[in-house]
>>> print(open('query-v3.txt').read())   # compact mmCIF, C-alpha atoms
# COMPACT_ATOMS: atom_id res chain seq x y z
CA MET A 763 15.89 101.96 -21.95
CA LEU A 764 16.34 98.89 -19.77
CA HIS A 765 14.00 98.50 -16.87
CA ASP A 766 13.74 94.92 -15.67
CA LYS A 767 13.22 96.53 -12.27
CA ALA A 768 9.72 97.70 -13.19
CA HIS A 769 8.58 94.11 -13.88
CA ALA A 770 10.56 92.07 -11.37
CA HIS A 771 9.45 91.15 -7.90
CA ILE A 772 12.29 91.53 -5.40
CA THR A 773 12.17 88.87 -2.68
CA PRO A 774 13.26 90.04 0.80
CA TRP A 775 16.58 88.48 1.97
CA TRP A 776 15.01 86.74 4.98
CA VAL A 777 12.74 84.65 2.71
CA TYR A 778 15.80 83.05 1.06
CA GLY A 779 17.30 82.40 4.50
CA ALA A 780 14.10 80.79 5.81
CA VAL A 781 13.75 78.58 2.70
CA TYR A 782 17.41 77.50 3.01
CA VAL A 783 16.94 76.51 6.67
CA ALA A 784 13.74 74.61 5.77
CA LEU A 785 15.60 72.72 3.00
CA LEU A 786 18.39 71.74 5.43
CA VAL A 787 15.88 70.54 8.04
CA LEU A 788 13.93 68.53 5.42
CA THR A 789 17.17 66.91 4.20
CA TRP A 790 17.93 65.84 7.77
CA VAL A 791 14.36 64.53 8.19
CA THR A 792 14.45 62.49 4.98
CA VAL A 793 17.80 60.87 5.91
CA ALA A 794 16.57 60.14 9.47
CA VAL A 795 13.23 58.65 8.32
CA ALA A 796 14.97 56.40 5.78
CA ARG A 797 16.66 54.55 8.71
CA VAL A 798 13.23 53.51 10.01
CA ASP A 799 11.72 50.53 8.19
CA LEU A 800 8.26 51.59 7.04
CA GLY A 801 8.03 48.93 4.35
CA ALA A 802 6.43 50.24 1.17
CA TRP A 803 5.82 53.59 2.88
CA ASN A 804 9.53 54.52 2.89
CA VAL A 805 9.45 55.45 -0.79
CA VAL A 806 6.17 57.36 -0.38
CA VAL A 807 7.60 59.43 2.51
CA ALA A 808 10.89 60.02 0.62
CA VAL A 809 9.13 61.24 -2.54
CA GLY A 810 6.69 63.29 -0.44
CA ILE A 811 9.51 65.14 1.36
CA ALA A 812 11.36 65.61 -1.95
CA THR A 813 8.22 67.18 -3.43
CA VAL A 814 7.94 69.65 -0.53
CA LYS A 815 11.63 70.57 -1.03
CA ALA A 816 11.14 70.92 -4.80
CA ALA A 817 8.10 73.15 -4.24
CA LEU A 818 10.10 75.41 -1.89
CA VAL A 819 12.91 75.77 -4.46
CA ALA A 820 10.49 76.45 -7.32
CA LEU A 821 8.16 78.84 -5.48
CA PHE A 822 10.80 80.95 -3.71
CA PHE A 823 14.27 80.46 -5.25
CA MET A 824 12.85 80.37 -8.79
CA HIS A 825 10.23 83.06 -8.04
CA LEU A 826 7.42 80.88 -9.39
CA LEU A 827 5.15 82.47 -6.78
CA HIS A 828 5.33 85.72 -8.77
CA GLU A 829 5.15 84.23 -12.26
CA GLY A 830 2.14 84.91 -14.45
CA ARG A 831 -0.64 82.62 -15.61
CA LEU A 832 1.25 81.69 -18.81
CA THR A 833 4.17 80.08 -16.95
CA TRP A 834 1.85 78.41 -14.44
CA SER A 835 -0.38 76.89 -17.11
CA TYR A 836 2.53 75.50 -19.17
CA LEU A 837 4.11 74.09 -16.04
CA GLY A 838 0.78 72.65 -14.88
CA LEU A 839 0.25 70.94 -18.22
CA THR A 840 3.78 69.49 -18.00
CA LEU A 841 3.25 68.14 -14.49
CA PHE A 842 -0.05 66.63 -15.62
CA ALA A 843 1.72 64.91 -18.55
CA ILE A 844 4.43 63.60 -16.21
CA ALA A 845 1.77 62.33 -13.78
CA LEU A 846 0.08 60.48 -16.66
CA LEU A 847 3.36 58.95 -17.85
CA LEU A 848 4.43 57.85 -14.38
CA GLY A 849 0.94 56.93 -13.13
CA LEU A 850 -0.13 54.83 -16.12
CA SER A 851 3.24 53.06 -16.29
CA LEU A 852 3.06 52.08 -12.62
CA LEU A 853 -0.62 51.13 -12.98
CA ASP A 854 0.42 48.76 -15.76
CA ILE A 855 2.98 47.07 -13.50
CA TRP A 856 0.40 46.86 -10.71
CA ALA A 857 -2.04 45.13 -13.09
CA ILE A 858 0.64 42.58 -14.00
CA PHE A 859 1.19 41.83 -10.29
CA LEU A 860 -2.55 41.49 -9.70
CA ARG A 861 -2.92 39.03 -12.56
CA ALA A 862 0.14 37.05 -11.40
CA GLY A 863 -1.32 36.86 -7.87
CA ALA A 864 -4.76 35.74 -9.06
CA MET B 796 4.86 114.65 -27.32
CA SER B 797 3.60 114.01 -30.81
CA VAL B 798 1.40 111.03 -31.65
CA ALA B 799 4.30 109.33 -33.47
CA GLU B 800 6.55 109.78 -30.44
CA SER B 801 4.03 108.40 -27.99
CA ILE B 802 3.44 105.39 -30.22
CA ARG B 803 7.20 104.82 -30.37
CA ALA B 804 7.36 105.04 -26.57
CA MET B 805 4.52 102.51 -26.21
CA VAL B 806 6.18 100.11 -28.66
CA ALA B 807 9.48 100.45 -26.81
CA GLU B 808 7.79 99.64 -23.53
CA LYS B 809 6.03 96.61 -25.03
CA GLU B 810 9.30 95.32 -26.47
CA GLU B 811 11.04 95.79 -23.16
CA LEU B 812 8.35 93.84 -21.36
CA ALA B 813 8.63 91.13 -23.99
CA GLY B 814 12.38 91.19 -23.37
CA TYR B 815 12.28 90.54 -19.64
CA SER B 816 9.11 88.44 -19.29
CA GLY B 817 9.73 86.74 -22.62
CA ALA B 818 13.28 85.78 -21.64
CA LYS B 819 12.06 84.25 -18.41
CA PHE B 820 9.19 82.41 -20.12
CA GLY B 821 11.63 81.10 -22.74
CA MET B 822 13.82 79.69 -19.99
CA TRP B 823 10.78 78.09 -18.33
CA LEU B 824 9.91 76.43 -21.66
CA PHE B 825 13.44 75.05 -21.87
CA LEU B 826 13.22 73.82 -18.26
CA ILE B 827 9.96 72.05 -19.19
CA THR B 828 11.80 70.07 -21.89
CA GLU B 829 14.41 69.16 -19.25
CA LEU B 830 11.65 68.01 -16.88
CA MET B 831 10.20 65.78 -19.62
CA LEU B 832 13.65 64.31 -20.30
CA PHE B 833 14.25 63.39 -16.66
CA ALA B 834 10.61 62.30 -16.17
CA VAL B 835 11.19 59.47 -18.65
CA LEU B 836 14.23 58.30 -16.69
CA PHE B 837 12.34 58.52 -13.39
CA THR B 838 9.51 56.49 -14.97
CA ALA B 839 12.02 53.84 -16.09
CA TYR B 840 13.39 53.83 -12.53
CA GLY B 841 9.88 53.45 -11.05
CA VAL B 842 8.90 50.58 -13.36
CA PHE B 843 12.15 48.61 -12.96
CA ARG B 844 12.18 49.23 -9.21
CA ALA B 845 8.63 47.79 -8.96
CA LEU B 846 9.72 44.73 -10.96
CA HIS B 847 12.99 44.18 -9.03
CA LEU B 848 12.20 45.51 -5.56
CA GLU B 849 14.62 43.30 -3.60
CA ALA B 850 17.49 43.65 -6.08
CA PHE B 851 17.17 47.47 -6.11
CA HIS B 852 17.20 47.53 -2.33
CA GLU B 853 20.30 45.31 -2.17
CA ALA B 854 22.14 47.27 -4.87
CA HIS B 855 21.41 50.69 -3.33
CA ARG B 856 23.39 49.67 -0.21
CA GLU B 857 26.54 49.82 -2.37
CA LEU B 858 26.17 53.60 -2.74
CA ASN B 859 28.02 55.86 -0.32
CA LEU B 860 25.25 57.50 1.75
CA THR B 861 27.65 59.91 3.48
CA LEU B 862 29.00 61.31 0.19
CA GLY B 863 25.47 61.43 -1.23
CA THR B 864 24.20 63.40 1.77
CA VAL B 865 27.18 65.79 1.70
CA ASN B 866 26.57 66.39 -2.02
CA THR B 867 22.88 67.10 -1.31
CA LEU B 868 23.91 69.75 1.23
CA VAL B 869 26.48 71.18 -1.23
CA LEU B 870 23.89 71.50 -4.01
CA ILE B 871 21.18 72.98 -1.75
CA THR B 872 23.69 75.54 -0.48
CA SER B 873 24.65 76.38 -4.08
CA SER B 874 20.98 76.98 -4.88
CA PHE B 875 20.80 79.30 -1.86
CA THR B 876 23.88 81.29 -2.99
CA MET B 877 22.43 81.47 -6.52
CA ALA B 878 19.15 82.88 -5.14
CA LEU B 879 21.22 85.43 -3.17
CA ALA B 880 23.18 86.32 -6.34
CA VAL B 881 19.90 87.10 -8.14
CA GLY B 882 18.75 89.15 -5.14
CA ALA B 883 22.04 91.08 -5.15
CA ALA B 884 21.86 91.66 -8.94
CA GLN B 885 18.26 92.94 -8.70
CA ARG B 886 19.41 95.46 -6.10
CA GLY B 887 22.38 96.51 -8.25
CA ARG B 888 24.93 95.30 -5.66
CA ARG B 889 27.70 94.30 -8.06
CA SER B 890 30.41 93.09 -5.65
CA LEU B 891 27.84 91.12 -3.64
CA THR B 892 26.67 89.51 -6.91
CA THR B 893 30.29 88.61 -7.71
CA LEU B 894 30.69 87.03 -4.26
CA PHE B 895 27.55 84.89 -4.52
CA LEU B 896 28.18 83.84 -8.15
CA SER B 897 31.73 82.80 -7.16
CA ALA B 898 30.38 80.80 -4.20
CA THR B 899 27.87 79.07 -6.51
CA THR B 900 30.65 78.16 -8.98
CA LEU B 901 32.89 76.74 -6.22
CA LEU B 902 30.01 74.70 -4.75
CA GLY B 903 29.19 73.35 -8.22
CA ILE B 904 32.83 72.29 -8.69
CA ALA B 905 32.80 70.70 -5.20
CA PHE B 906 29.69 68.70 -6.16
CA LEU B 907 31.36 67.36 -9.33
CA PHE B 908 34.56 66.57 -7.39
CA ILE B 909 32.63 64.50 -4.80
CA LYS B 910 30.69 62.79 -7.61
CA ALA B 911 34.00 61.93 -9.29
CA VAL B 912 35.31 60.41 -6.03
CA GLU B 913 32.13 58.28 -5.86
CA TYR B 914 32.42 57.17 -9.49
CA GLY B 915 36.12 56.43 -8.90
CA ALA B 916 35.29 54.06 -6.03
CA LYS B 917 32.61 52.30 -8.11
CA ILE B 918 34.98 51.88 -11.07
CA HIS B 919 37.74 50.67 -8.72
CA HIS B 920 35.39 47.95 -7.47
CA GLY B 921 34.44 47.02 -11.03
CA LEU B 922 30.86 48.21 -10.49
CA TYR B 923 30.42 49.96 -13.82
CA PRO B 924 28.40 48.69 -16.81
CA GLY B 925 30.57 45.94 -18.31
CA GLY B 926 32.91 45.85 -15.29
CA PRO B 927 33.93 42.53 -13.67
CA ALA B 928 31.86 42.95 -10.47
CA PHE B 929 28.96 44.33 -12.53
CA GLN B 930 28.87 41.23 -14.76
CA ALA B 931 28.46 39.00 -11.69
CA LEU B 932 25.32 40.88 -10.52
CA GLU B 933 21.81 39.63 -11.09
CA ALA B 934 19.58 41.35 -13.66
CA GLY B 935 17.77 43.68 -11.20
CA GLU B 936 21.03 44.92 -9.68
CA LYS B 937 22.46 45.56 -13.15
CA LEU B 938 19.40 47.67 -13.92
CA PHE B 939 19.88 49.65 -10.71
CA PHE B 940 23.51 50.49 -11.49
CA GLY B 941 22.67 51.18 -15.13
CA LEU B 942 20.00 53.68 -14.04
CA TYR B 943 22.31 55.09 -11.33
CA PHE B 944 25.04 55.89 -13.85
CA THR B 945 22.62 57.16 -16.52
CA MET B 946 20.65 59.43 -14.17
CA THR B 947 23.52 60.80 -12.07
CA GLY B 948 25.72 61.04 -15.19
CA LEU B 949 23.16 63.07 -17.11
CA HIS B 950 22.62 65.18 -13.99
CA ALA B 951 26.38 65.74 -13.61
CA LEU B 952 26.51 66.94 -17.24
CA HIS B 953 23.82 69.48 -16.32
CA VAL B 954 25.85 70.63 -13.31
CA TYR B 955 28.85 71.05 -15.62
CA ALA B 956 26.76 73.13 -18.07
CA GLY B 957 25.37 75.11 -15.12
CA ILE B 958 28.89 75.96 -13.94
CA LEU B 959 29.69 77.33 -17.41
CA VAL B 960 26.50 79.45 -17.32
CA VAL B 961 27.35 80.84 -13.85
CA LEU B 962 30.95 81.57 -14.94
CA TRP B 963 29.60 83.46 -17.97
CA LEU B 964 27.34 85.49 -15.63
CA LEU B 965 30.34 86.11 -13.36
CA VAL B 966 32.41 87.51 -16.24
CA ARG B 967 29.56 89.72 -17.46
CA ASN B 968 28.97 90.95 -13.91
CA LEU B 969 32.67 91.82 -13.52
CA LEU B 970 32.51 93.69 -16.85
CA GLY B 971 29.68 95.75 -15.37
CA HIS B 972 26.94 94.56 -17.74
CA PHE B 973 24.33 94.27 -15.00
CA SER B 974 22.57 96.87 -12.88
CA SER B 975 19.37 97.26 -10.87
CA GLU B 976 17.81 98.18 -14.26
CA TYR B 977 19.09 95.13 -16.17
CA PHE B 978 19.59 91.72 -14.57
CA ALA B 979 17.46 89.29 -16.63
CA PRO B 980 20.46 87.09 -17.61
CA VAL B 981 21.34 86.52 -13.94
CA GLU B 982 17.75 85.60 -13.20
CA ILE B 983 17.30 83.12 -16.06
CA GLY B 984 20.78 81.64 -15.52
CA GLY B 985 19.69 81.16 -11.91
CA LEU B 986 16.52 79.36 -13.06
CA TYR B 987 18.68 76.80 -14.87
CA TRP B 988 20.89 76.30 -11.82
CA HIS B 989 17.87 75.74 -9.56
CA LEU B 990 16.49 73.12 -11.97
CA VAL B 991 19.69 71.12 -11.57
CA ASP B 992 19.14 71.27 -7.79
CA LEU B 993 15.46 70.23 -8.23
CA ILE B 994 16.43 67.06 -10.10
CA TRP B 995 19.00 66.11 -7.47
CA ILE B 996 16.33 66.61 -4.76
CA TYR B 997 14.54 63.58 -6.30
CA LEU B 998 17.64 61.59 -7.30
CA PHE B 999 19.12 61.58 -3.80
CA PRO B 1000 16.27 59.89 -1.86
CA LEU B 1001 15.40 57.48 -4.69
CA LEU B 1002 18.94 56.23 -5.31
CA TYR B 1003 20.69 56.64 -1.94
CA LEU B 1004 17.93 56.38 0.66
CA VAL B 1005 15.21 53.95 -0.37
CA GLY B 1006 16.72 52.14 -3.33
>>> encode(input="query-v3.txt", output="structure tokens")
Amino acid sequence: MLHDKAHAHITPWWVYGAVYVALLVLTWVTVAVARVDLGAWNVVVAVGIATVKAALVALFFMHLLHEGRLTWSYLGLTLFAIALLLGLSLLDIWAIFLRAGA
Amino acid sequence: MSVAESIRAMVAEKEELAGYSGAKFGMWLFLITELMLFAVLFTAYGVFRALHLEAFHEAHRELNLTLGTVNTLVLITSSFTMALAVGAAQRGRRSLTTLFLSATTLLGIAFLFIKAVEYGAKIHHGLYPGGPAFQALEAGEKLFFGLYFTMTGLHALHVYAGILVVLWLLVRNLLGHFSSEYFAPVEIGGLYWHLVDLIWIYLFPLLYLVG
């Protein structure tokens, strides 16, 4: 009566191993890059690397790669909402700085 | 097979599909609410960091980068063992599932232990909201430590809840509830654990590395 097997995608073991190694390497890279002073770019690089790591975890460890359109669309809508919240808030601060500078 | 029987079989199959896919989708919906919760805190961090750039950078030097990095490795490894536990459960390898779920639990406890050591040092130095050293800080630095404790504290609570979920899976696995035919609870419990790792992936660089 139970057959999760029929609907689940089984990821080969090596994929988990490869993702784990990639996550370790990216952690080392992000710590190493933070020692270099890139000015305002430090935070951009740090968030960029974090996003690559997050994508690896979501796509492979969380099997998002094999999720259906329903999950993808709800998640997409959420990320869009978060981008609006974060983007508009930071844009507001930027506008304040611009006005103060003018 | 009579018409009534084949209809019953079709309904059973539909319900089963709803069971597995529905359970996973339900967990994704819950994870979405968690993302929204943390997104607000990250937005607060982004806005206050932009307003107090220097102060945030000064204050972030107070954090222990070594312990933060070790904890990042601990949590990433726990996510890896959780992924392996799901893989083992899907294949019906019960003792392997037990091994990986146990490893995940121990790594989760190690993370909280290291976090407690970090909090202990901060409290010892009076760097907690309302503490003597905290009171002497300028506004921007106070905001940094306020956000540090709020964000890592809420995250630590999630790790604690995650450990309870993994322990529950461990007990059910030992009782023989799971097989290669039924493993949805391991998979959706794993989803929750990975989310906790995802949030730390952003917390670590923002708080410990760039400040």
>>> interface_residues(input="query-v3.txt", of="chain A", to="chain B", cutoff="6 Å", atoms="only C-alpha atoms", output="PyMOL selection string")
chain A and resi 764-767+796+805+808+812+816+823-824+848
>>> atom_distance(input="query-v3.txt", atom1="atom CA of B:Val960", atom2="atom CA of B:Ala884")
15.5 Å
>>> atom_distance(input="query-v3.txt", atom1="atom CA of B:Arg844", atom2="atom CA of B:Leu938")
8.8 Å
>>> residues_around(input="query-v3.txt", residues="stretch 783-790 of chain A", least_positions_apart="2", cutoff="8 Å", atoms="only C-alpha atoms", output="short mmCIF file (atom, residue, chain, number, x, y, z; two decimals) with C-alpha atoms, keeping the file's coordinate frame")
data_model
loop_
_atom_site.label_atom_id
_atom_site.label_comp_id
_atom_site.auth_asym_id
_atom_site.auth_seq_id
_atom_site.Cartn_x
_atom_site.Cartn_y
_atom_site.Cartn_z
CA GLY A 779 17.30 82.40 4.50
CA ALA A 780 14.10 80.79 5.81
CA VAL A 781 13.75 78.58 2.70
CA THR A 792 14.45 62.49 4.98
CA VAL A 793 17.80 60.87 5.91
CA ALA A 794 16.57 60.14 9.47
CA ILE A 811 9.51 65.14 1.36
CA LYS A 815 11.63 70.57 -1.03
CA LEU A 818 10.10 75.41 -1.89
CA THR B 867 22.88 67.10 -1.31
CA LEU B 868 23.91 69.75 1.23
CA ILE B 871 21.18 72.98 -1.75
#
>>> atom_distance(input="query-v3.txt", atom1="atom CA of A:Leu846", atom2="atom CA of A:Ala817")
19.5 Å
>>> build_atoms(input="query-v3.txt", residues="stretch 770-797 of chain A", atoms="N, CA and C atoms", output="PDB file, in the frame of the given file")
ATOM      1  N   ALA A 770      10.093  93.156 -12.234  1.00  0.00           N
ATOM      2  CA  ALA A 770      10.560  92.070 -11.370  1.00  0.00           C
ATOM      3  C   ALA A 770      10.040  92.244  -9.947  1.00  0.00           C
ATOM      4  N   HIS A 771       9.812  91.098  -9.312  1.00  0.00           N
ATOM      5  CA  HIS A 771       9.450  91.150  -7.900  1.00  0.00           C
ATOM      6  C   HIS A 771      10.723  90.869  -7.112  1.00  0.00           C
ATOM      7  N   ILE A 772      11.075  91.734  -6.187  1.00  0.00           N
ATOM      8  CA  ILE A 772      12.290  91.530  -5.400  1.00  0.00           C
ATOM      9  C   ILE A 772      11.929  90.880  -4.076  1.00  0.00           C
ATOM     10  N   THR A 773      12.450  89.648  -3.895  1.00  0.00           N
ATOM     11  CA  THR A 773      12.170  88.870  -2.680  1.00  0.00           C
ATOM     12  C   THR A 773      13.038  89.393  -1.531  1.00  0.00           C
ATOM     13  N   PRO A 774      12.439  89.611  -0.346  1.00  0.00           N
ATOM     14  CA  PRO A 774      13.260  90.040   0.800  1.00  0.00           C
ATOM     15  C   PRO A 774      14.310  88.974   1.148  1.00  0.00           C
ATOM     16  N   TRP A 775      15.480  89.414   1.649  1.00  0.00           N
ATOM     17  CA  TRP A 775      16.580  88.480   1.970  1.00  0.00           C
ATOM     18  C   TRP A 775      16.145  87.373   2.915  1.00  0.00           C
ATOM     19  N   TRP A 776      15.348  87.736   3.943  1.00  0.00           N
ATOM     20  CA  TRP A 776      15.010  86.740   4.980  1.00  0.00           C
ATOM     21  C   TRP A 776      14.254  85.544   4.415  1.00  0.00           C
ATOM     22  N   VAL A 777      13.493  85.760   3.316  1.00  0.00           N
ATOM     23  CA  VAL A 777      12.740  84.650   2.710  1.00  0.00           C
ATOM     24  C   VAL A 777      13.710  83.577   2.223  1.00  0.00           C
ATOM     25  N   TYR A 778      14.801  84.016   1.543  1.00  0.00           N
ATOM     26  CA  TYR A 778      15.800  83.050   1.060  1.00  0.00           C
ATOM     27  C   TYR A 778      16.419  82.293   2.224  1.00  0.00           C
ATOM     28  N   GLY A 779      16.707  83.023   3.318  1.00  0.00           N
ATOM     29  CA  GLY A 779      17.300  82.400   4.500  1.00  0.00           C
ATOM     30  C   GLY A 779      16.370  81.352   5.091  1.00  0.00           C
ATOM     31  N   ALA A 780      15.084  81.708   5.221  1.00  0.00           N
ATOM     32  CA  ALA A 780      14.100  80.790   5.810  1.00  0.00           C
ATOM     33  C   ALA A 780      13.944  79.543   4.941  1.00  0.00           C
ATOM     34  N   VAL A 781      13.898  79.719   3.609  1.00  0.00           N
ATOM     35  CA  VAL A 781      13.750  78.580   2.700  1.00  0.00           C
ATOM     36  C   VAL A 781      14.982  77.675   2.806  1.00  0.00           C
ATOM     37  N   TYR A 782      16.161  78.282   2.895  1.00  0.00           N
ATOM     38  CA  TYR A 782      17.410  77.500   3.010  1.00  0.00           C
ATOM     39  C   TYR A 782      17.381  76.635   4.277  1.00  0.00           C
ATOM     40  N   VAL A 783      17.004  77.246   5.405  1.00  0.00           N
ATOM     41  CA  VAL A 783      16.940  76.510   6.670  1.00  0.00           C
ATOM     42  C   VAL A 783      15.924  75.362   6.552  1.00  0.00           C
ATOM     43  N   ALA A 784      14.762  75.644   5.944  1.00  0.00           N
ATOM     44  CA  ALA A 784      13.740  74.610   5.770  1.00  0.00           C
ATOM     45  C   ALA A 784      14.274  73.455   4.924  1.00  0.00           C
ATOM     46  N   LEU A 785      15.044  73.766   3.871  1.00  0.00           N
ATOM     47  CA  LEU A 785      15.600  72.720   3.000  1.00  0.00           C
ATOM     48  C   LEU A 785      16.605  71.853   3.761  1.00  0.00           C
ATOM     49  N   LEU A 786      17.415  72.490   4.626  1.00  0.00           N
ATOM     50  CA  LEU A 786      18.390  71.740   5.430  1.00  0.00           C
ATOM     51  C   LEU A 786      17.669  70.809   6.407  1.00  0.00           C
ATOM     52  N   VAL A 787      16.636  71.339   7.071  1.00  0.00           N
ATOM     53  CA  VAL A 787      15.880  70.540   8.040  1.00  0.00           C
ATOM     54  C   VAL A 787      15.216  69.348   7.337  1.00  0.00           C
ATOM     55  N   LEU A 788      14.606  69.605   6.159  1.00  0.00           N
ATOM     56  CA  LEU A 788      13.930  68.530   5.420  1.00  0.00           C
ATOM     57  C   LEU A 788      14.921  67.467   4.951  1.00  0.00           C
ATOM     58  N   THR A 789      16.145  67.885   4.599  1.00  0.00           N
ATOM     59  CA  THR A 789      17.170  66.910   4.200  1.00  0.00           C
ATOM     60  C   THR A 789      17.498  66.010   5.376  1.00  0.00           C
ATOM     61  N   TRP A 790      17.651  66.629   6.562  1.00  0.00           N
ATOM     62  CA  TRP A 790      17.930  65.840   7.770  1.00  0.00           C
ATOM     63  C   TRP A 790      16.773  64.874   8.041  1.00  0.00           C
ATOM     64  N   VAL A 791      15.534  65.368   7.933  1.00  0.00           N
ATOM     65  CA  VAL A 791      14.360  64.530   8.190  1.00  0.00           C
ATOM     66  C   VAL A 791      14.318  63.329   7.244  1.00  0.00           C
ATOM     67  N   THR A 792      14.563  63.573   5.959  1.00  0.00           N
ATOM     68  CA  THR A 792      14.450  62.490   4.980  1.00  0.00           C
ATOM     69  C   THR A 792      15.522  61.423   5.207  1.00  0.00           C
ATOM     70  N   VAL A 793      16.734  61.841   5.619  1.00  0.00           N
ATOM     71  CA  VAL A 793      17.800  60.870   5.910  1.00  0.00           C
ATOM     72  C   VAL A 793      17.450  60.085   7.175  1.00  0.00           C
ATOM     73  N   ALA A 794      16.916  60.788   8.198  1.00  0.00           N
ATOM     74  CA  ALA A 794      16.570  60.140   9.470  1.00  0.00           C
ATOM     75  C   ALA A 794      15.425  59.130   9.277  1.00  0.00           C
ATOM     76  N   VAL A 795      14.391  59.521   8.517  1.00  0.00           N
ATOM     77  CA  VAL A 795      13.230  58.650   8.320  1.00  0.00           C
ATOM     78  C   VAL A 795      13.597  57.394   7.532  1.00  0.00           C
ATOM     79  N   ALA A 796      14.583  57.535   6.614  1.00  0.00           N
ATOM     80  CA  ALA A 796      14.970  56.400   5.780  1.00  0.00           C
ATOM     81  C   ALA A 796      15.565  55.258   6.615  1.00  0.00           C
ATOM     82  N   ARG A 797      16.079  55.586   7.827  1.00  0.00           N
ATOM     83  CA  ARG A 797      16.660  54.550   8.710  1.00  0.00           C
ATOM     84  C   ARG A 797      15.565  53.709   9.356  1.00  0.00           C
TER      85      ARG A 797
END
